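Here is the file final_20.csv (CSV, C-alpha atoms).
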chain,number,residue,atom,x,y,z
A,1,MET,CA,-95.4,22.5,-72.8
A,2,THR,CA,-97.8,19.5,-72.5
A,3,PRO,CA,-96.3,16.2,-73.5
A,4,ASP,CA,-97.7,14.4,-76.5
A,5,LEU,CA,-98.6,11.3,-74.5
A,6,THR,CA,-101.1,8.6,-75.6
A,7,PHE,CA,-102.1,5.9,-73.1
A,8,ILE,CA,-103.5,2.6,-74.4
A,9,LEU,CA,-105.1,0.2,-71.9
A,10,GLY,CA,-106.9,-3.1,-72.3
A,11,GLY,CA,-107.1,-6.6,-71.2
A,12,ALA,CA,-105.1,-9.6,-72.5
A,13,ARG,CA,-105.6,-9.9,-76.3
A,14,SER,CA,-107.7,-6.8,-76.5
A,15,GLY,CA,-105.7,-5.3,-79.3
A,16,LYS,CA,-103.9,-2.7,-77.3
A,17,SER,CA,-100.4,-3.4,-78.7
A,18,ALA,CA,-101.6,-3.5,-82.3
A,19,CYS,CA,-103.4,-0.2,-81.7
A,20,ALA,CA,-100.3,1.4,-80.2
A,21,GLU,CA,-98.2,0.1,-83.1
A,22,ARG,CA,-100.7,1.4,-85.7
A,23,LEU,CA,-100.6,4.9,-84.0
A,24,ALA,CA,-96.8,4.9,-84.0
A,25,ALA,CA,-96.7,3.9,-87.7
A,26,GLU,CA,-99.3,6.5,-88.6
A,27,SER,CA,-97.4,9.2,-86.8
A,28,GLY,CA,-94.9,9.3,-89.7
A,29,LEU,CA,-92.1,9.8,-87.2
A,30,PRO,CA,-89.1,7.6,-86.6
A,31,VAL,CA,-90.1,5.1,-83.9
A,32,THR,CA,-88.2,3.6,-81.0
A,33,TYR,CA,-90.0,0.7,-79.4
A,34,ILE,CA,-89.2,0.1,-75.8
A,35,ALA,CA,-89.9,-3.4,-74.7
A,36,THR,CA,-90.1,-4.2,-71.0
A,37,ALA,CA,-90.5,-8.0,-71.3
A,38,ARG,CA,-88.1,-10.6,-69.9
A,39,ILE,CA,-88.5,-13.9,-71.7
A,40,GLY,CA,-86.5,-16.3,-69.5
A,41,ASP,CA,-87.3,-20.0,-70.0
A,42,ASP,CA,-91.0,-19.6,-70.9
A,43,ALA,CA,-91.4,-20.9,-74.5
A,44,GLU,CA,-95.1,-19.8,-74.7
A,45,PHE,CA,-94.1,-16.2,-73.7
A,46,ALA,CA,-91.1,-16.3,-76.1
A,47,GLU,CA,-93.7,-17.1,-78.9
A,48,ARG,CA,-95.8,-14.1,-77.9
A,49,VAL,CA,-92.7,-11.8,-78.0
A,50,ARG,CA,-91.7,-13.3,-81.4
A,51,HIS,CA,-95.2,-12.4,-82.7
A,52,HIS,CA,-94.8,-8.8,-81.6
A,53,ARG,CA,-91.4,-8.6,-83.2
A,54,GLU,CA,-92.6,-9.9,-86.5
A,55,ARG,CA,-95.5,-7.4,-86.5
A,56,ARG,CA,-93.2,-4.3,-86.1
A,57,PRO,CA,-91.5,-2.6,-89.0
A,58,ALA,CA,-87.8,-3.5,-89.3
A,59,ARG,CA,-86.9,0.3,-89.5
A,60,TRP,CA,-88.1,0.8,-85.9
A,61,SER,CA,-85.4,0.9,-83.2
A,62,LEU,CA,-85.7,-1.5,-80.4
A,63,VAL,CA,-84.6,-0.8,-76.8
A,64,GLU,CA,-85.0,-3.5,-74.1
A,65,ALA,CA,-85.7,-2.0,-70.7
A,66,PRO,CA,-87.0,-4.5,-68.2
A,67,LEU,CA,-86.1,-2.3,-65.2
A,68,ASP,CA,-84.7,1.1,-66.1
A,69,LEU,CA,-87.7,2.3,-68.1
A,70,ALA,CA,-87.1,6.0,-67.2
A,71,GLY,CA,-83.6,5.8,-68.4
A,72,ALA,CA,-84.6,4.2,-71.7
A,73,LEU,CA,-87.3,6.8,-72.2
A,74,ARG,CA,-85.0,9.7,-71.5
A,75,GLU,CA,-82.4,8.2,-74.0
A,76,ALA,CA,-84.9,7.6,-76.8
A,77,ASP,CA,-87.1,10.7,-76.4
A,78,ARG,CA,-86.5,13.7,-78.7
A,79,ALA,CA,-88.5,16.1,-80.7
A,80,GLY,CA,-89.8,14.8,-84.0
A,81,HIS,CA,-89.6,11.2,-82.8
A,82,CYS,CA,-92.1,8.6,-81.5
A,83,VAL,CA,-91.4,6.3,-78.5
A,84,LEU,CA,-93.7,3.3,-78.0
A,85,ILE,CA,-93.5,1.6,-74.5
A,86,ASP,CA,-95.0,-1.9,-74.3
A,87,CYS,CA,-95.8,-2.5,-71.5
A,88,LEU,CA,-96.1,-1.2,-68.0
A,89,THR,CA,-97.7,-4.4,-66.8
A,90,LEU,CA,-94.5,-6.4,-67.5
A,91,TRP,CA,-92.3,-3.6,-66.2
A,92,LEU,CA,-94.1,-3.7,-62.8
A,93,ALA,CA,-93.8,-7.5,-62.6
A,94,ASN,CA,-90.0,-7.1,-63.3
A,95,LEU,CA,-89.7,-4.5,-60.5
A,96,LEU,CA,-91.7,-6.6,-58.0
A,97,PHE,CA,-90.6,-10.1,-58.8
A,98,THR,CA,-86.8,-10.1,-59.2
A,99,SER,CA,-84.9,-13.4,-59.0
A,100,ALA,CA,-83.9,-12.3,-55.5
A,101,SER,CA,-87.5,-12.0,-54.4
A,102,ALA,CA,-88.8,-15.1,-56.2
A,103,ASN,CA,-89.5,-17.0,-53.0
A,104,GLU,CA,-90.5,-14.1,-50.8
A,105,GLU,CA,-94.0,-12.8,-49.9
A,106,ILE,CA,-94.1,-9.2,-50.9
A,107,ALA,CA,-96.4,-7.2,-48.6
A,108,VAL,CA,-95.5,-3.6,-49.6
A,109,LEU,CA,-94.0,-2.0,-52.6
A,110,PRO,CA,-90.2,-2.1,-52.4
A,111,ASP,CA,-88.4,1.3,-52.1
A,112,SER,CA,-86.6,0.4,-55.4
A,113,ALA,CA,-89.9,0.2,-57.2
A,114,ARG,CA,-91.1,3.5,-55.7
A,115,GLU,CA,-88.0,5.2,-56.9
A,116,ALA,CA,-88.4,3.6,-60.4
A,117,PHE,CA,-92.0,5.0,-60.5
A,118,ALA,CA,-90.8,8.4,-59.5
A,119,GLN,CA,-88.1,8.4,-62.1
A,120,PHE,CA,-90.6,7.2,-64.8
A,121,ASP,CA,-93.2,9.8,-63.8
A,122,ALA,CA,-90.5,12.5,-64.1
A,123,ALA,CA,-89.3,11.2,-67.5
A,124,LEU,CA,-92.9,11.2,-68.8
A,125,ALA,CA,-93.4,14.8,-67.7
A,126,ASP,CA,-90.2,15.9,-69.5
A,127,THR,CA,-90.8,14.3,-72.9
A,128,ARG,CA,-90.3,16.3,-76.0
A,129,GLY,CA,-91.5,13.8,-78.7
A,130,LYS,CA,-94.6,11.7,-79.2
A,131,VAL,CA,-94.9,8.9,-76.6
A,132,ILE,CA,-97.3,6.0,-76.6
A,133,VAL,CA,-97.6,3.8,-73.5
A,134,VAL,CA,-99.3,0.4,-73.3
A,135,SER,CA,-100.6,-1.2,-70.1
A,136,ASN,CA,-103.1,-3.8,-69.1
A,137,GLU,CA,-106.3,-3.0,-67.3
A,138,ILE,CA,-106.5,-5.8,-64.7
A,139,GLY,CA,-108.6,-4.1,-62.0
A,140,LEU,CA,-112.1,-4.9,-63.4
A,141,GLY,CA,-112.6,-8.2,-61.7
A,142,VAL,CA,-112.9,-9.5,-58.2
A,143,VAL,CA,-110.4,-8.6,-55.5
A,144,PRO,CA,-107.6,-11.2,-56.0
A,145,LEU,CA,-106.7,-13.7,-53.3
A,146,GLY,CA,-103.3,-13.4,-51.8
A,147,SER,CA,-101.4,-10.4,-50.7
A,148,VAL,CA,-98.8,-10.5,-53.5
A,149,THR,CA,-101.5,-10.5,-56.2
A,150,ARG,CA,-103.4,-7.7,-54.4
A,151,LEU,CA,-100.3,-5.6,-54.2
A,152,TYR,CA,-99.6,-6.2,-57.9
A,153,VAL,CA,-103.2,-5.2,-58.9
A,154,ASP,CA,-103.2,-2.2,-56.6
A,155,GLU,CA,-99.9,-0.9,-57.8
A,156,LEU,CA,-100.6,-1.4,-61.5
A,157,GLY,CA,-103.9,0.5,-60.9
A,158,ARG,CA,-102.1,3.4,-59.2
A,159,LEU,CA,-99.4,3.4,-62.0
A,160,ASN,CA,-102.1,3.4,-64.7
A,161,GLN,CA,-104.0,6.3,-63.0
A,162,ARG,CA,-100.8,8.4,-62.9
A,163,VAL,CA,-100.0,7.8,-66.5
A,164,ALA,CA,-103.6,8.4,-67.6
A,165,ALA,CA,-103.6,11.7,-65.6
A,166,ALA,CA,-100.4,12.8,-67.4
A,167,SER,CA,-101.7,11.7,-70.9
A,168,THR,CA,-103.2,13.9,-73.5
A,169,ARG,CA,-105.1,11.0,-74.9
A,170,ALA,CA,-106.2,7.7,-73.3
A,171,THR,CA,-107.9,4.7,-75.0
A,172,LEU,CA,-109.4,1.5,-73.6
A,173,MET,CA,-109.2,-1.4,-76.0
A,174,ILE,CA,-112.0,-4.0,-75.8
A,175,ALA,CA,-112.3,-6.8,-78.3
A,176,GLY,CA,-110.1,-4.9,-80.7
A,177,LEU,CA,-112.3,-1.8,-80.6
A,178,PRO,CA,-111.0,1.5,-79.2
A,179,LEU,CA,-113.0,3.4,-76.6
A,180,ALA,CA,-111.7,7.0,-76.2
A,181,LEU,CA,-111.4,7.8,-72.5
A,182,LYS,CA,-109.6,11.1,-72.8
A,183,GLY,CA,-108.6,13.6,-75.6
If you took the structure in this file and wrote it as structure tokens, what would it be?
Amino acid sequence: MTPDLTFILGGARSGKSACAERLAAESGLPVTYIATARIGDDAEFAERVRHHRERRPARWSLVEAPLDLAGALREADRAGHCVLIDCLTLWLANLLFTSASANEEIAVLPDSAREAFAQFDAALADTRGKVIVVSNEIGLGVVPLGSVTRLYVDELGRLNQRVAAASTRATLMIAGLPLALKG
């Protein structure tokens, strides 16, 4: 059975989260929202998260999964249910930039991140309900300076490609407008 997987990509403030939330609401199914963000001490980012929270219906369940996204997906997924994951971009940042690695130069993807990707890929393949995944498309610009930034851009691109390949539908959001890529 092919999973019911929708992938929404876009740049910052492209409307990707609002689009994903609209699709989840229109599904008519109970929704679990899996948030991957870590707020920390960043007041501006906390405001962004607050805006997202206020936009979501109160009846939706919330699961915070900054690291174990596969486990959260497996727990929330069931037939007749919708899971919205927002977003892969922050999840990757959490995997790469832990408090332990904050002052290190990362040259290669850590084994722990490779394992997390494998677990997530497997969890996506096994879904029984409707799943909507949000991620940023950040690979449209110049090759970034610095090995850490290049690693991040490269790994997010690879992650996005795997999720897009597994998806039944993929949409690129540009200036609030959806561009169907697949399905």
Quiz item: At a cut-off of 8 Å from (-94.3, 12.5, -67.9) in the coordinates of the file, what residues are picked up using all atoms listed in the file, written as a list in words?
Solution: Pro3, Leu5, Phe120, Asp121, Ala122, Ala123, Leu124, Ala125, Asp126, Thr127, Val163 and Ala166 of chain A
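Taking only C-alpha atoms into account, those protein, DNA and RNA residues with any atom at most 12 Å away from (-106.2, 0.0, -58.6) amount to Asn136, Glu137, Ile138, Gly139, Leu140, Gly141, Val142, Val143, Pro144, Thr149, Arg150, Leu151, Tyr152, Val153, Asp154, Glu155, Leu156, Gly157, Arg158, Leu159, Asn160, Gln161 and Arg162 of chain A.
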Quiz item: Hey, what's within 7 Å of range 65-75 of chain A if we count all atoms listed in the file and toss same-chain stuff fewer than 4 positions away? As a VMD selection string, please?
Solution: chain A and resid 34 to 38 91 94 to 95 119 to 120 123
Could the residues of range 99-181 of chain A that have an atom at most 8 Å from range 76-86 of chain A be listed as a Markdown table, each with its closest atom pair and the distance in Å to one decimal, counting only C-alpha atoms and ordered by chain and ascending residue number?
| residue | atom | partner | partner_atom | distance |
| --- | --- | --- | --- | --- |
| A:Thr127 | CA | A:Asp77 | CA | 6.2 |
| A:Arg128 | CA | A:Ala79 | CA | 5.0 |
| A:Gly129 | CA | A:Ala79 | CA | 4.3 |
| A:Lys130 | CA | A:Cys82 | CA | 4.6 |
| A:Val131 | CA | A:Val83 | CA | 4.8 |
| A:Ile132 | CA | A:Leu84 | CA | 4.7 |
| A:Val133 | CA | A:Ile85 | CA | 4.8 |
| A:Val134 | CA | A:Asp86 | CA | 5.0 |
| A:Ser135 | CA | A:Asp86 | CA | 7.0 |
Can you tell me which residues surround range 56-59 of chain A at a distance of at most 10 Å, considering all atoms listed in the file, apart from same-chain residues fewer than 6 positions away, and format the answer as a compact mmCIF listing (two decimals) with C-alpha atoms, in the frame of the given file?
# COMPACT_ATOMS: atom_id res chain seq x y z
CA ALA A 18 -101.60 -3.50 -82.30
CA GLU A 21 -98.20 0.10 -83.10
CA ARG A 22 -100.70 1.40 -85.70
CA ALA A 25 -96.70 3.90 -87.70
CA PRO A 30 -89.10 7.60 -86.60
CA VAL A 31 -90.10 5.10 -83.90
CA THR A 32 -88.20 3.60 -81.00
CA TYR A 33 -90.00 0.70 -79.40
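In this structure, CA of Leu9 in chain A sits 9.9 Å away from CA of Leu181 in chain A.
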Quiz item: Which residues come within 9 Å of Lys182 in chain A, counting all atoms listed in the file, excluding same-chain residues fewer than 6 positions away, as a list in words?
Solution: Ala164, Ser167, Thr168, Arg169, Ala170 and Thr171 of chain A
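One distance worth recording is that between CA of Val148 in chain A and CA of Glu105 in chain A, which is 6.4 Å.
The spacing separating CA of His51 in chain A from CA of Ala175 in chain A amounts to 18.5 Å.
Restricting the calculation to all atoms listed in the file, the smallest distance between Phe45 in chain A and any of A:Leu90, A:Leu23, A:Gly176, A:Glu115 is found for A:Leu90.
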Rebuild range 128-139 of chain A so that it carries N, CA and C atoms, then output the result as a tab-separated table (two decimals), in the coordinates of the input.
chain	number	residue	atom	x	y	z
A	128	ARG	N	-90.28	15.29	-74.99
A	128	ARG	CA	-90.30	16.30	-76.00
A	128	ARG	C	-90.97	15.77	-77.32
A	129	GLY	N	-90.96	14.46	-77.51
A	129	GLY	CA	-91.50	13.80	-78.70
A	129	GLY	C	-92.89	13.23	-78.40
A	130	LYS	N	-93.35	12.41	-79.33
A	130	LYS	CA	-94.60	11.70	-79.20
A	130	LYS	C	-94.29	10.40	-78.39
A	131	VAL	N	-95.09	10.12	-77.37
A	131	VAL	CA	-94.90	8.90	-76.60
A	131	VAL	C	-96.24	8.17	-76.50
A	132	ILE	N	-96.17	6.86	-76.73
A	132	ILE	CA	-97.30	6.00	-76.60
A	132	ILE	C	-96.99	4.91	-75.60
A	133	VAL	N	-97.84	4.78	-74.59
A	133	VAL	CA	-97.60	3.80	-73.50
A	133	VAL	C	-98.73	2.82	-73.48
A	134	VAL	N	-98.36	1.53	-73.36
A	134	VAL	CA	-99.30	0.40	-73.30
A	134	VAL	C	-99.32	-0.18	-71.91
A	135	SER	N	-100.51	-0.52	-71.41
A	135	SER	CA	-100.60	-1.20	-70.10
A	135	SER	C	-101.89	-2.04	-70.11
A	136	ASN	N	-101.90	-3.04	-69.26
A	136	ASN	CA	-103.10	-3.80	-69.10
A	136	ASN	C	-104.01	-3.18	-68.05
A	137	GLU	N	-105.29	-3.33	-68.27
A	137	GLU	CA	-106.30	-3.00	-67.30
A	137	GLU	C	-106.71	-4.27	-66.62
A	138	ILE	N	-106.26	-4.50	-65.39
A	138	ILE	CA	-106.50	-5.80	-64.70
A	138	ILE	C	-107.41	-5.60	-63.49
A	139	GLY	N	-107.87	-4.40	-63.24
A	139	GLY	CA	-108.60	-4.10	-62.00
A	139	GLY	C	-110.13	-4.22	-62.18
